[in-house]
>>> print(open('upload00.pdb').read())   # PDB, C-alpha atoms and all ligand atoms
MODEL        1
ATOM      1  CA  MET E 187     -13.039   3.903 -19.311
ATOM      2  CA  VAL E 188     -10.542   5.570 -16.964
ATOM      3  CA  ASP E 189      -6.846   5.933 -17.727
ATOM      4  CA  LEU E 190      -5.495   4.287 -14.613
ATOM      5  CA  SER E 191      -6.818   1.828 -12.022
ATOM      6  CA  VAL E 192      -4.921   1.462  -8.761
ATOM      7  CA  ILE E 193      -5.426  -1.939  -7.145
ATOM      8  CA  ILE E 194      -4.788  -2.051  -3.413
ATOM      9  CA  PRO E 195      -5.128  -5.347  -1.502
ATOM     10  CA  ILE E 196      -6.046  -4.705   2.121
ATOM     11  CA  TYR E 197      -5.616  -6.989   5.097
ATOM     12  CA  ASN E 198      -5.764  -5.207   8.453
ATOM     13  CA  GLU E 199      -4.412  -1.888   7.216
ATOM     14  CA  GLU E 200      -6.472   0.573   9.267
ATOM     15  CA  THR E 201      -3.368   2.497  10.310
ATOM     16  CA  ASN E 202      -2.227   2.959   6.723
ATOM     17  CA  ILE E 203      -5.372   3.614   4.680
ATOM     18  CA  PRO E 204      -5.736   7.369   5.410
ATOM     19  CA  ALA E 205      -2.071   8.137   4.670
ATOM     20  CA  LEU E 206      -2.105   5.889   1.616
ATOM     21  CA  TYR E 207      -5.173   7.637   0.185
ATOM     22  CA  GLU E 208      -3.574  11.050   0.763
ATOM     23  CA  ARG E 209      -0.261  10.085  -0.775
ATOM     24  CA  LEU E 210      -1.831   8.401  -3.788
ATOM     25  CA  GLY E 211      -4.035  11.424  -4.430
ATOM     26  CA  GLY E 212      -1.028  13.705  -4.038
ATOM     27  CA  VAL E 213       0.786  11.766  -6.753
ATOM     28  CA  LEU E 214      -2.074  10.962  -9.143
ATOM     29  CA  ASP E 215      -3.817  14.360  -9.240
ATOM     30  CA  PRO E 216      -0.777  16.227 -10.615
ATOM     31  CA  MET E 217      -0.507  13.611 -13.386
ATOM     32  CA  ARG E 218      -3.634  15.243 -14.876
ATOM     33  CA  LEU E 219      -4.800  12.085 -16.593
ATOM     34  CA  PRO E 220      -7.431  13.125 -19.151
ATOM     35  CA  GLY E 221      -9.553  10.034 -18.476
ATOM     36  CA  GLY E 222      -9.033  10.194 -14.717
ATOM     37  CA  TYR E 223      -8.219   7.324 -12.376
ATOM     38  CA  GLU E 224      -9.960   4.946  -9.986
ATOM     39  CA  PHE E 225      -8.930   3.221  -6.766
ATOM     40  CA  ILE E 226      -9.887  -0.407  -6.295
ATOM     41  CA  PHE E 227      -9.576  -1.376  -2.657
ATOM     42  CA  VAL E 228      -9.895  -5.115  -2.158
ATOM     43  CA  ASN E 229     -10.626  -5.873   1.474
ATOM     44  CA  ASP E 230      -9.310  -9.389   2.037
ATOM     45  CA  GLY E 231     -11.261 -10.256   5.191
ATOM     46  CA  SER E 232      -9.682  -7.651   7.475
ATOM     47  CA  ARG E 233     -10.516  -7.967  11.164
ATOM     48  CA  ASP E 234      -9.940  -4.293  11.989
ATOM     49  CA  GLN E 235     -11.632  -1.065  10.882
ATOM     50  CA  SER E 236     -10.234  -1.204   7.321
ATOM     51  CA  LEU E 237     -13.600  -1.835   5.680
ATOM     52  CA  ALA E 238     -15.302   1.042   7.522
ATOM     53  CA  LEU E 239     -12.491   3.375   6.443
ATOM     54  CA  ILE E 240     -12.791   2.263   2.824
ATOM     55  CA  GLU E 241     -16.573   2.664   2.819
ATOM     56  CA  ASN E 242     -16.114   6.147   4.225
ATOM     57  CA  LEU E 243     -13.715   7.052   1.443
ATOM     58  CA  ALA E 244     -16.121   5.587  -1.124
ATOM     59  CA  ALA E 245     -18.952   7.732   0.223
ATOM     60  CA  ARG E 246     -16.877  10.897  -0.150
ATOM     61  CA  ASP E 247     -14.962  10.121  -3.343
ATOM     62  CA  GLU E 248     -16.666   8.484  -6.309
ATOM     63  CA  ARG E 249     -13.308   7.321  -7.662
ATOM     64  CA  VAL E 250     -13.020   4.962  -4.715
ATOM     65  CA  ARG E 251     -14.340   1.544  -5.601
ATOM     66  CA  PHE E 252     -14.101  -1.483  -3.368
ATOM     67  CA  ILE E 253     -14.647  -5.208  -3.154
ATOM     68  CA  THR E 254     -14.840  -6.940   0.192
ATOM     69  CA  PHE E 255     -14.354 -10.699   0.594
ATOM     70  CA  SER E 256     -16.332 -13.031   2.830
ATOM     71  CA  ARG E 257     -13.060 -14.051   4.557
ATOM     72  CA  ASN E 258      -9.291 -13.872   4.133
ATOM     73  CA  PHE E 259      -8.429 -15.412   0.749
ATOM     74  CA  GLY E 260      -4.856 -14.180   0.470
ATOM     75  CA  HIS E 261      -2.952 -11.391  -1.189
ATOM     76  CA  GLN E 262      -2.639 -12.889  -4.684
ATOM     77  CA  ILE E 263      -6.361 -13.595  -4.856
ATOM     78  CA  ALA E 264      -7.174 -10.086  -3.650
ATOM     79  CA  VAL E 265      -5.068  -8.655  -6.473
ATOM     80  CA  THR E 266      -6.763 -11.011  -8.938
ATOM     81  CA  ALA E 267     -10.205  -9.786  -7.830
ATOM     82  CA  GLY E 268      -9.028  -6.219  -8.419
ATOM     83  CA  LEU E 269      -7.791  -7.169 -11.887
ATOM     84  CA  ASP E 270     -11.149  -8.801 -12.651
ATOM     85  CA  ARG E 271     -12.951  -5.507 -12.105
ATOM     86  CA  ALA E 272     -10.395  -2.868 -13.065
ATOM     87  CA  GLU E 273     -11.571  -0.648 -15.895
ATOM     88  CA  GLY E 274      -8.404   1.344 -16.492
ATOM     89  CA  GLN E 275      -6.411   1.471 -19.711
ATOM     90  CA  ALA E 276      -3.492   0.776 -17.395
ATOM     91  CA  VAL E 277      -3.394  -0.780 -13.941
ATOM     92  CA  VAL E 278      -1.082  -0.240 -10.975
ATOM     93  CA  ILE E 279      -0.752  -2.927  -8.312
ATOM     94  CA  ILE E 280       0.483  -1.490  -5.021
ATOM     95  CA  ASP E 281       0.710  -2.629  -1.363
ATOM     96  CA  ALA E 282      -1.337  -0.719   1.183
ATOM     97  CA  ASP E 283       1.416  -0.396   3.777
ATOM     98  CA  LEU E 284       3.372   2.264   1.827
ATOM     99  CA  GLN E 285       6.315  -0.069   1.346
ATOM    100  CA  ASP E 286       5.827   0.573  -2.355
ATOM    101  CA  PRO E 287       6.275   4.343  -2.763
ATOM    102  CA  PRO E 288       3.311   5.917  -4.642
ATOM    103  CA  GLU E 289       5.768   8.592  -5.833
ATOM    104  CA  LEU E 290       7.219   6.037  -8.261
ATOM    105  CA  ILE E 291       3.898   5.603 -10.107
ATOM    106  CA  PRO E 292       4.326   8.540 -12.562
ATOM    107  CA  GLN E 293       7.711   7.183 -13.667
ATOM    108  CA  LEU E 294       6.375   3.658 -14.057
ATOM    109  CA  TYR E 295       3.374   4.972 -16.001
ATOM    110  CA  GLN E 296       5.585   7.150 -18.189
ATOM    111  CA  LYS E 297       7.414   4.060 -19.446
ATOM    112  CA  LEU E 298       4.188   2.581 -20.825
ATOM    113  CA  SER E 299       4.070   5.356 -23.391
ATOM    114  CA  GLU E 300       7.517   4.227 -24.557
ATOM    115  CA  GLY E 301       5.903   1.054 -25.844
ATOM    116  CA  TYR E 302       6.225  -1.256 -22.843
ATOM    117  CA  GLU E 303       3.271  -3.304 -21.619
ATOM    118  CA  VAL E 304       4.713  -4.064 -18.168
ATOM    119  CA  VAL E 305       6.887  -1.818 -16.019
ATOM    120  CA  TYR E 306       7.784  -3.474 -12.733
ATOM    121  CA  ALA E 307       9.544  -1.967  -9.762
ATOM    122  CA  LYS E 308      12.618  -3.831  -8.622
ATOM    123  CA  ARG E 309      13.857  -3.600  -5.032
ATOM    124  CA  ARG E 310      17.367  -2.197  -4.817
ATOM    125  CA  SER E 311      17.282  -2.479  -1.017
ATOM    126  CA  ARG E 312      14.750  -3.446   1.629
ATOM    127  CA  GLN E 313      14.336  -1.685   4.954
ATOM    128  CA  GLY E 314      12.758  -2.773   8.193
ATOM    129  CA  GLU E 315      12.453  -6.443   7.327
ATOM    130  CA  SER E 316      14.035  -9.254   9.295
ATOM    131  CA  ALA E 317      17.289 -10.759   8.086
ATOM    132  CA  ALA E 318      15.502 -14.104   7.815
ATOM    133  CA  LYS E 319      12.811 -12.676   5.523
ATOM    134  CA  LYS E 320      15.345 -10.938   3.304
ATOM    135  CA  LEU E 321      17.497 -14.059   3.062
ATOM    136  CA  THR E 322      14.621 -16.438   2.301
ATOM    137  CA  ALA E 323      13.210 -14.008  -0.271
ATOM    138  CA  LYS E 324      16.586 -13.599  -1.959
ATOM    139  CA  LEU E 325      17.133 -17.358  -2.059
ATOM    140  CA  PHE E 326      13.616 -18.033  -3.318
ATOM    141  CA  TYR E 327      13.845 -15.627  -6.263
ATOM    142  CA  ARG E 328      17.182 -17.095  -7.291
ATOM    143  CA  ILE E 329      16.097 -20.718  -7.012
ATOM    144  CA  LEU E 330      12.922 -19.931  -8.943
ATOM    145  CA  ALA E 331      14.892 -18.147 -11.658
ATOM    146  CA  SER E 332      17.208 -21.135 -12.007
ATOM    147  CA  ILE E 333      14.464 -23.752 -12.411
ATOM    148  CA  THR E 334      11.985 -22.051 -14.741
ATOM    149  CA  HIS E 335      12.155 -21.482 -18.469
ATOM    150  CA  ILE E 336      10.431 -18.123 -18.337
ATOM    151  CA  SER E 337      12.470 -15.353 -16.809
ATOM    152  CA  ILE E 338      10.766 -14.181 -13.645
ATOM    153  CA  PRO E 339      12.660 -11.100 -12.426
ATOM    154  CA  VAL E 340      14.475 -11.448  -9.096
ATOM    155  CA  ASP E 341      13.766  -9.170  -6.090
ATOM    156  CA  THR E 342      10.496  -7.955  -7.555
ATOM    157  CA  GLY E 343       7.068  -8.051  -5.945
ATOM    158  CA  ASP E 344       3.768  -7.191  -7.561
ATOM    159  CA  PHE E 345       4.322  -3.410  -7.486
ATOM    160  CA  ARG E 346       4.105  -2.491 -11.179
ATOM    161  CA  VAL E 347       2.112  -0.853 -13.944
ATOM    162  CA  ILE E 348       0.593  -3.096 -16.590
ATOM    163  CA  SER E 349      -1.319  -2.253 -19.734
ATOM    164  CA  ARG E 350      -4.861  -3.242 -20.631
ATOM    165  CA  LYS E 351      -3.545  -6.012 -22.905
ATOM    166  CA  VAL E 352      -1.823  -7.670 -19.972
ATOM    167  CA  VAL E 353      -4.914  -7.352 -17.775
ATOM    168  CA  GLU E 354      -6.980  -9.067 -20.473
ATOM    169  CA  ALA E 355      -4.407 -11.850 -20.738
ATOM    170  CA  LEU E 356      -4.386 -12.342 -16.951
ATOM    171  CA  ARG E 357      -8.168 -12.667 -16.952
ATOM    172  CA  ARG E 358      -7.841 -15.583 -19.305
ATOM    173  CA  MET E 359      -5.568 -17.481 -16.893
ATOM    174  CA  PRO E 360      -7.973 -19.376 -14.636
ATOM    175  CA  GLU E 361      -5.486 -21.125 -12.373
ATOM    176  CA  GLN E 362      -6.343 -21.427  -8.698
ATOM    177  CA  ASN E 363      -2.803 -21.143  -7.402
ATOM    178  CA  LYS E 364      -1.945 -17.602  -8.283
ATOM    179  CA  PHE E 365       1.587 -16.313  -8.620
ATOM    180  CA  ILE E 366       0.843 -13.093 -10.451
ATOM    181  CA  ARG E 367       4.403 -11.891 -10.997
ATOM    182  CA  GLY E 368       5.124 -15.240 -12.686
ATOM    183  CA  GLN E 369       1.964 -15.106 -14.790
ATOM    184  CA  ILE E 370       2.908 -11.642 -16.019
ATOM    185  CA  SER E 371       6.368 -12.844 -17.030
ATOM    186  CA  TRP E 372       4.774 -15.779 -18.801
ATOM    187  CA  ILE E 373       2.474 -13.464 -20.786
ATOM    188  CA  GLY E 374       5.448 -11.785 -22.414
ATOM    189  CA  TYR E 375       5.262  -8.532 -24.470
ATOM    190  CA  ARG E 376       7.848  -5.833 -23.890
ATOM    191  CA  GLN E 377       8.641  -5.535 -20.204
ATOM    192  CA  THR E 378      11.026  -3.263 -18.383
ATOM    193  CA  HIS E 379      11.780  -2.157 -14.840
ATOM    194  CA  LEU E 380      12.805   0.705 -12.593
ATOM    195  CA  GLU E 381      14.705   0.295  -9.341
ATOM    196  CA  TYR E 382      13.670   1.661  -5.963
ATOM    197  CA  ASP E 383      14.539   1.393  -2.302
ATOM    198  CA  ARG E 384      11.833  -0.427  -0.416
ATOM    199  CA  ALA E 385      10.734   1.440   2.689
ATOM    200  CA  GLU E 386       9.606   0.077   6.018
ATOM    201  CA  ARG E 387       5.960  -0.713   6.607
ATOM    202  CA  ALA E 388       4.344   2.637   7.600
ATOM    203  CA  GLY E 389       2.132   1.207  10.354
ATOM    204  CA  GLY E 390       0.569  -2.036  11.504
ATOM    205  CA  GLU E 391       2.035  -5.477  11.065
ATOM    206  CA  THR E 392       2.803  -7.722   8.133
ATOM    207  CA  GLY E 393      -0.082  -9.926   7.024
ATOM    208  CA  TYR E 394       2.370 -12.323   5.381
ATOM    209  CA  THR E 395       3.047 -15.048   7.907
ATOM    210  CA  TYR E 396       5.757 -17.606   7.175
ATOM    211  CA  ARG E 397       2.994 -20.012   6.288
ATOM    212  CA  LYS E 398       1.597 -17.655   3.641
ATOM    213  CA  MET E 399       5.088 -17.026   2.288
ATOM    214  CA  LEU E 400       5.720 -20.759   2.002
ATOM    215  CA  LYS E 401       2.431 -21.173   0.119
ATOM    216  CA  LEU E 402       3.347 -18.353  -2.260
ATOM    217  CA  ALA E 403       6.778 -19.874  -2.862
ATOM    218  CA  LEU E 404       5.349 -23.341  -3.560
ATOM    219  CA  ASP E 405       2.649 -21.875  -5.805
ATOM    220  CA  GLY E 406       5.308 -20.020  -7.757
ATOM    221  CA  ILE E 407       7.521 -23.063  -8.145
ATOM    222  CA  THR E 408       4.818 -25.616  -8.972
ATOM    223  CA  ALA E 409       3.078 -23.280 -11.426
ATOM    224  CA  PHE E 410       6.208 -22.470 -13.382
ATOM    225  CA  SER E 411       8.573 -25.419 -13.055
ATOM    226  CA  ASP E 412       8.641 -29.210 -13.370
ATOM    227  CA  VAL E 413      12.220 -29.355 -12.158
ATOM    228  CA  PRO E 414      11.299 -30.615  -8.640
ATOM    229  CA  LEU E 415       9.459 -33.580 -10.192
ATOM    230  CA  LYS E 416      12.412 -34.321 -12.448
ATOM    231  CA  ALA E 417      14.777 -33.984  -9.501
ATOM    232  CA  ALA E 418      12.689 -36.556  -7.635
ATOM    233  CA  THR E 419      13.011 -38.952 -10.573
ATOM    234  CA  VAL E 420      16.742 -38.388 -10.944
ATOM    235  CA  SER E 421      17.388 -38.818  -7.231
ATOM    236  CA  GLY E 422      15.326 -42.004  -7.391
ATOM    237  CA  PHE E 423      17.632 -43.379 -10.096
ATOM    238  CA  VAL E 424      20.797 -42.296  -8.320
ATOM    239  CA  VAL E 425      19.722 -43.792  -5.021
ATOM    240  CA  SER E 426      18.584 -47.056  -6.642
ATOM    241  CA  GLY E 427      21.930 -47.215  -8.434
ATOM    242  CA  ILE E 428      23.755 -46.937  -5.141
ATOM    243  CA  ALA E 429      21.397 -49.438  -3.546
ATOM    244  CA  PHE E 430      22.083 -51.911  -6.370
ATOM    245  CA  LEU E 431      25.840 -51.676  -5.847
ATOM    246  CA  VAL E 432      25.412 -52.175  -2.118
ATOM    247  CA  MET E 433      23.233 -55.199  -2.875
ATOM    248  CA  LEU E 434      25.942 -56.722  -5.058
ATOM    249  CA  TYR E 435      28.441 -56.171  -2.306
ATOM    250  CA  THR E 436      26.116 -57.732   0.251
ATOM    251  CA  LEU E 437      25.673 -60.874  -1.858
ATOM    252  CA  TYR E 438      29.401 -61.048  -2.419
ATOM    253  CA  ALA E 439      30.127 -60.734   1.311
ATOM    254  CA  ARG E 440      27.478 -63.286   2.217
ATOM    255  CA  PHE E 441      28.259 -66.047  -0.278
ATOM    256  CA  ILE E 442      31.774 -65.529  -1.555
ATOM    257  CA  SER E 443      34.026 -63.876   0.971
ATOM    258  CA  HIS E 444      31.890 -65.019   3.911
ATOM    259  CA  ASP E 445      33.010 -61.825   5.539
ATOM    260  CA  TYR E 446      29.718 -60.519   6.905
ATOM    261  CA  GLU E 447      29.253 -58.605  10.121
ATOM    262  CA  PRO E 448      26.120 -58.100  12.192
ATOM    263  CA  GLY E 449      25.867 -54.876  10.131
ATOM    264  CA  TRP E 450      23.376 -52.932  12.190
ATOM    265  CA  ALA E 451      24.847 -49.505  11.368
ATOM    266  CA  SER E 452      24.882 -49.946   7.583
ATOM    267  CA  LEU E 453      21.360 -51.354   7.703
ATOM    268  CA  MET E 454      20.045 -48.391   9.666
ATOM    269  CA  VAL E 455      21.774 -45.880   7.432
ATOM    270  CA  SER E 456      20.405 -47.361   4.238
ATOM    271  CA  ILE E 457      16.866 -47.717   5.583
ATOM    272  CA  LEU E 458      16.803 -44.146   6.863
ATOM    273  CA  PHE E 459      18.331 -42.791   3.689
ATOM    274  CA  LEU E 460      16.012 -44.656   1.357
ATOM    275  CA  GLY E 461      13.006 -43.758   3.492
ATOM    276  CA  GLY E 462      13.979 -40.083   3.435
ATOM    277  CA  VAL E 463      14.424 -39.975  -0.316
ATOM    278  CA  GLN E 464      11.113 -41.736  -0.862
ATOM    279  CA  LEU E 465       9.244 -39.380   1.428
ATOM    280  CA  ILE E 466      10.715 -36.336  -0.271
ATOM    281  CA  ALA E 467       9.787 -37.663  -3.695
ATOM    282  CA  VAL E 468       6.247 -38.505  -2.591
ATOM    283  CA  GLY E 469       5.932 -35.079  -0.973
ATOM    284  CA  ILE E 470       6.962 -33.324  -4.170
ATOM    285  CA  ILE E 471       4.439 -35.326  -6.167
ATOM    286  CA  GLY E 472       1.847 -34.479  -3.506
ATOM    287  CA  GLU E 473       2.433 -30.753  -3.930
ATOM    288  CA  TYR E 474       1.636 -31.004  -7.624
ATOM    289  CA  ILE E 475      -1.332 -33.296  -7.120
ATOM    290  CA  ALA E 476      -2.845 -30.977  -4.500
ATOM    291  CA  ARG E 477      -2.722 -28.146  -7.015
ATOM    292  CA  LEU E 478      -4.105 -30.325  -9.793
ATOM    293  CA  SER E 479      -7.084 -31.271  -7.659
ATOM    294  CA  ALA E 480      -7.690 -27.647  -6.640
ATOM    295  CA  ASN E 481      -7.887 -26.734 -10.306
ATOM    296  CA  VAL E 482     -10.117 -29.673 -11.195
ATOM    297  CA  ARG E 483     -12.661 -28.621  -8.542
ATOM    298  CA  GLN E 484     -13.143 -25.311 -10.358
ATOM    299  CA  ARG E 485     -14.371 -23.427  -7.360
ATOM    300  CA  PRO E 486     -14.616 -19.685  -7.684
ATOM    301  CA  LEU E 487     -11.370 -18.070  -6.580
ATOM    302  CA  TYR E 488     -13.067 -15.855  -4.009
ATOM    303  CA  ILE E 489     -16.448 -14.959  -2.558
ATOM    304  CA  VAL E 490     -17.476 -11.303  -2.557
ATOM    305  CA  SER E 491     -19.611 -10.151   0.335
ATOM    306  CA  ASP E 492     -20.054  -6.537  -0.777
ATOM    307  CA  SER E 493     -18.860  -4.220  -3.532
ATOM    308  CA  ASN E 494     -19.737  -0.966  -5.245
ATOM    309  CA  ILE E 495     -18.510  -2.289  -8.602
ATOM    310  CA  ALA E 496     -20.646  -4.432 -10.886
ATOM    311  CA  PRO E 497     -19.186  -7.940 -11.293
ATOM    312  CA  PRO E 498     -17.378  -8.574 -14.572
ATOM    313  CA  GLY E 499     -19.789  -9.506 -17.314
ATOM    314  CA  GLU E 500     -22.776  -7.772 -15.711
ATOM    315  CA  LYS E 501     -22.160  -4.304 -17.034
TER     316      LYS E 501
HETATM  317  N1  LIG W 601      -2.480  -8.677   2.167
HETATM  318  C1  LIG W 601      -3.698  -9.223   1.770
HETATM  319  N2  LIG W 601      -4.052 -10.462   2.255
HETATM  320  C2  LIG W 601      -3.257 -11.181   3.091
HETATM  321  C3  LIG W 601      -1.990 -10.624   3.455
HETATM  322  C4  LIG W 601      -1.642  -9.381   2.970
HETATM  323  O1  LIG W 601      -4.459  -8.616   1.018
HETATM  324  O2  LIG W 601      -3.642 -12.274   3.493
HETATM  325  C5  LIG W 601      -2.108  -7.344   1.635
HETATM  326  C6  LIG W 601      -1.616  -6.344   2.671
HETATM  327  O3  LIG W 601      -2.676  -5.595   3.225
HETATM  328  C7  LIG W 601      -0.674  -5.471   1.843
HETATM  329  C8  LIG W 601      -0.100  -6.455   0.831
HETATM  330  O4  LIG W 601      -1.020  -7.533   0.770
HETATM  331  O5  LIG W 601      -1.359  -4.455   1.132
HETATM  332  C9  LIG W 601       1.279  -6.940   1.223
HETATM  333  O6  LIG W 601       1.222  -7.568   2.502
HETATM  334  P1  LIG W 601       2.284  -7.299   3.657
HETATM  335  O7  LIG W 601       2.742  -5.889   3.644
HETATM  336  O8  LIG W 601       1.675  -7.782   4.930
HETATM  337  O9  LIG W 601       3.471  -8.258   3.232
HETATM  338  P2  LIG W 601       5.034  -7.976   3.337
HETATM  339  O10 LIG W 601       5.292  -6.611   2.770
HETATM  340  O11 LIG W 601       5.350  -8.045   4.790
HETATM  341  O12 LIG W 601       5.643  -9.082   2.537
HETATM  342 MG    MG W 602       4.443  -4.951   3.362
ENDMDL
END
>>> encode(input="upload00.pdb", output="structure tokens", more="lines below")
Ligand code: UDP
Ligand code: MG
Amino acid sequence: MVDLSVIIPIYNEETNIPALYERLGGVLDPMRLPGGYEFIFVNDGSRDQSLALIENLAARDERVRFITFSRNFGHQIAVTAGLDRAEGQAVVIIDADLQDPPELIPQLYQKLSEGYEVVYAKRRSRQGESAAKKLTAKLFYRILASITHISIPVDTGDFRVISRKVVEALRRMPEQNKFIRGQISWIGYRQTHLEYDRAERAGGETGYTYRKMLKLALDGITAFSDVPLKAATVSGFVVSGIAFLVMLYTLYARFISHDYEPGWASLMVSILFLGGVQLIAVGIIGEYIARLSANVRQRPLYIVSDSNIAPPGEK
């Protein structure tokens, strides 16, 4: 068993892989880990030369292990596949685009020996990302924090060091809709953090489209909070309450004061409003049901097309 596994999800990162490998080696070698370390590259269906580069590294360096998927399954699933096969006593999760500085790894790792099981890296600032991305991310973390019972740290991605205990716990969480930073908070144990300034992407382009970000956000919320469902119920009661009062008034106007107008405007407003509230409530329920059915199907999370690591359980 090695001391440290470094899990690197890869989606179209050909411009970054050589520099990443160099920088990681430059940081990990001086740590002089007695048990050594391993890299686990998880190629998440890249369409560029990423896989060829990884295979090349694996041929030259026996510490380089890889898993390649049959298609793009998404960042969280790529990390999960890495966790499934990591052998290290501790595991680092790091992005391939050098936005997470490898130079922080020794400090994160150091904290484990102080008795922590999770040391995450919190973003003090973010460079080279659009104002819209920063704003939506900031809002998302705060909304999530306000509607869950577990405390999921704000402004924190998956860049962190976790101990073997946490890896084992993650392997026992079979959910399909992965939100790993939330799962790790849920697991508990002693957790701490260090702050860092997030750099720009070294090369290439982000693989996180707005669609993928929305999926991640909804996975995070639905997996760790029932507040949206409760909000749908509460808004249902509030709106029906208002509708009941309006109904009383309508009856009064029709039969008692005989003061009724054609009333097109009020009719339109109430129909549109009620329709909107109903659609929102149904949509929220739909989000949860979609995830329920995904979990009931019990499909494997990902399909591996090639790997130089034996699958878990076959060692
Ligand atoms: N990534 C992945 N699958 C995807 C999208 C991204 O494995 O479908 C990887 C990507 O190669 C990188 C990490 O996940 O190592 C973070 O992605 P990215 O840098 O594109 O996201 P951003 O930093 O822009 O949020
Ligand atoms: Mg990035």
>>> atom_distance(input="upload00.pdb", atom1="atom CA of E:Asp383", atom2="atom CA of E:Phe227")
24.3 Å
>>> residues_near_ligand(input="upload00.pdb", ligand="ligand LIG 601 (chain W)", cutoff="9 Å", atoms="all atoms listed in the file", output="MDAnalysis selection string")
chainID E and resid 194:199 228:232 258:265 280:286 315 319 343 386:387 390:395 398:399
>>> write_last_selection(input="upload00.pdb", atoms="C-alpha atoms", output="mmCIF file, in the frame of the given file")
data_model
loop_
_atom_site.group_PDB
_atom_site.id
_atom_site.type_symbol
_atom_site.label_atom_id
_atom_site.label_comp_id
_atom_site.auth_asym_id
_atom_site.auth_seq_id
_atom_site.Cartn_x
_atom_site.Cartn_y
_atom_site.Cartn_z
ATOM 1 C CA ILE E 194 -4.788 -2.051 -3.413
ATOM 2 C CA PRO E 195 -5.128 -5.347 -1.502
ATOM 3 C CA ILE E 196 -6.046 -4.705 2.121
ATOM 4 C CA TYR E 197 -5.616 -6.989 5.097
ATOM 5 C CA ASN E 198 -5.764 -5.207 8.453
ATOM 6 C CA GLU E 199 -4.412 -1.888 7.216
ATOM 7 C CA VAL E 228 -9.895 -5.115 -2.158
ATOM 8 C CA ASN E 229 -10.626 -5.873 1.474
ATOM 9 C CA ASP E 230 -9.310 -9.389 2.037
ATOM 10 C CA GLY E 231 -11.261 -10.256 5.191
ATOM 11 C CA SER E 232 -9.682 -7.651 7.475
ATOM 12 C CA ASN E 258 -9.291 -13.872 4.133
ATOM 13 C CA PHE E 259 -8.429 -15.412 0.749
ATOM 14 C CA GLY E 260 -4.856 -14.180 0.470
ATOM 15 C CA HIS E 261 -2.952 -11.391 -1.189
ATOM 16 C CA GLN E 262 -2.639 -12.889 -4.684
ATOM 17 C CA ILE E 263 -6.361 -13.595 -4.856
ATOM 18 C CA ALA E 264 -7.174 -10.086 -3.650
ATOM 19 C CA VAL E 265 -5.068 -8.655 -6.473
ATOM 20 C CA ILE E 280 0.483 -1.490 -5.021
ATOM 21 C CA ASP E 281 0.710 -2.629 -1.363
ATOM 22 C CA ALA E 282 -1.337 -0.719 1.183
ATOM 23 C CA ASP E 283 1.416 -0.396 3.777
ATOM 24 C CA LEU E 284 3.372 2.264 1.827
ATOM 25 C CA GLN E 285 6.315 -0.069 1.346
ATOM 26 C CA ASP E 286 5.827 0.573 -2.355
ATOM 27 C CA GLU E 315 12.453 -6.443 7.327
ATOM 28 C CA LYS E 319 12.811 -12.676 5.523
ATOM 29 C CA GLY E 343 7.068 -8.051 -5.945
ATOM 30 C CA GLU E 386 9.606 0.077 6.018
ATOM 31 C CA ARG E 387 5.960 -0.713 6.607
ATOM 32 C CA GLY E 390 0.569 -2.036 11.504
ATOM 33 C CA GLU E 391 2.035 -5.477 11.065
ATOM 34 C CA THR E 392 2.803 -7.722 8.133
ATOM 35 C CA GLY E 393 -0.082 -9.926 7.024
ATOM 36 C CA TYR E 394 2.370 -12.323 5.381
ATOM 37 C CA THR E 395 3.047 -15.048 7.907
ATOM 38 C CA LYS E 398 1.597 -17.655 3.641
ATOM 39 C CA MET E 399 5.088 -17.026 2.288
#
>>> atom_distance(input="upload00.pdb", atom1="atom CA of E:Ala388", atom2="atom CA of E:Leu210")
14.2 Å
>>> atom_distance(input="upload00.pdb", atom1="atom CA of E:Glu224", atom2="atom CA of E:Ser191")
4.9 Å
>>> resolve_selection(input="upload00.pdb", expression="the PyMOL selection byres (((chain E and resi 403-409) around 9) and not hetatm)", output="PyMOL selection string")
chain E and resi 326-327+329-330+333-334+361+363-369+398-402+410-414+473-474+477
>>> closest_residue(input="upload00.pdb", among="E:Lys351, E:Arg209, E:Lys324, E:Arg312", to="ligand MG 602 (chain W)", atoms="all atoms listed in the file")
E:Arg312
>>> closest_residue(input="upload00.pdb", among="E:Arg251, E:Val213, E:Ile373, E:Ala385", to="ligand MG 602 (chain W)", atoms="only C-alpha atoms and all ligand atoms")
E:Ala385
>>> decode(input="upload00.pdb", residues="stretch 385-390 of chain E", atoms="N, CA and C atoms", output="PDB file, in the first residue's frame")
ATOM      1  N   ALA E 385      -5.799  29.832  -9.049  1.00  0.00           N
ATOM      2  CA  ALA E 385      -5.174  30.388 -10.248  1.00  0.00           C
ATOM      3  C   ALA E 385      -6.097  30.247 -11.454  1.00  0.00           C
ATOM      4  N   GLU E 386      -5.643  30.824 -12.562  1.00  0.00           N
ATOM      5  CA  GLU E 386      -6.352  30.621 -13.820  1.00  0.00           C
ATOM      6  C   GLU E 386      -6.076  29.225 -14.328  1.00  0.00           C
ATOM      7  N   ARG E 387      -6.924  28.728 -15.189  1.00  0.00           N
ATOM      8  CA  ARG E 387      -6.678  27.497 -15.918  1.00  0.00           C
ATOM      9  C   ARG E 387      -5.365  27.660 -16.696  1.00  0.00           C
ATOM     10  N   ALA E 388      -4.446  26.673 -16.614  1.00  0.00           N
ATOM     11  CA  ALA E 388      -3.143  26.820 -17.285  1.00  0.00           C
ATOM     12  C   ALA E 388      -3.312  26.827 -18.801  1.00  0.00           C
ATOM     13  N   GLY E 389      -4.043  25.870 -19.346  1.00  0.00           N
ATOM     14  CA  GLY E 389      -4.260  25.827 -20.791  1.00  0.00           C
ATOM     15  C   GLY E 389      -5.596  25.183 -21.072  1.00  0.00           C
ATOM     16  N   GLY E 390      -6.016  25.194 -22.318  1.00  0.00           N
ATOM     17  CA  GLY E 390      -7.271  24.549 -22.682  1.00  0.00           C
ATOM     18  C   GLY E 390      -8.485  25.302 -22.170  1.00  0.00           C
TER      19      GLY E 390
END
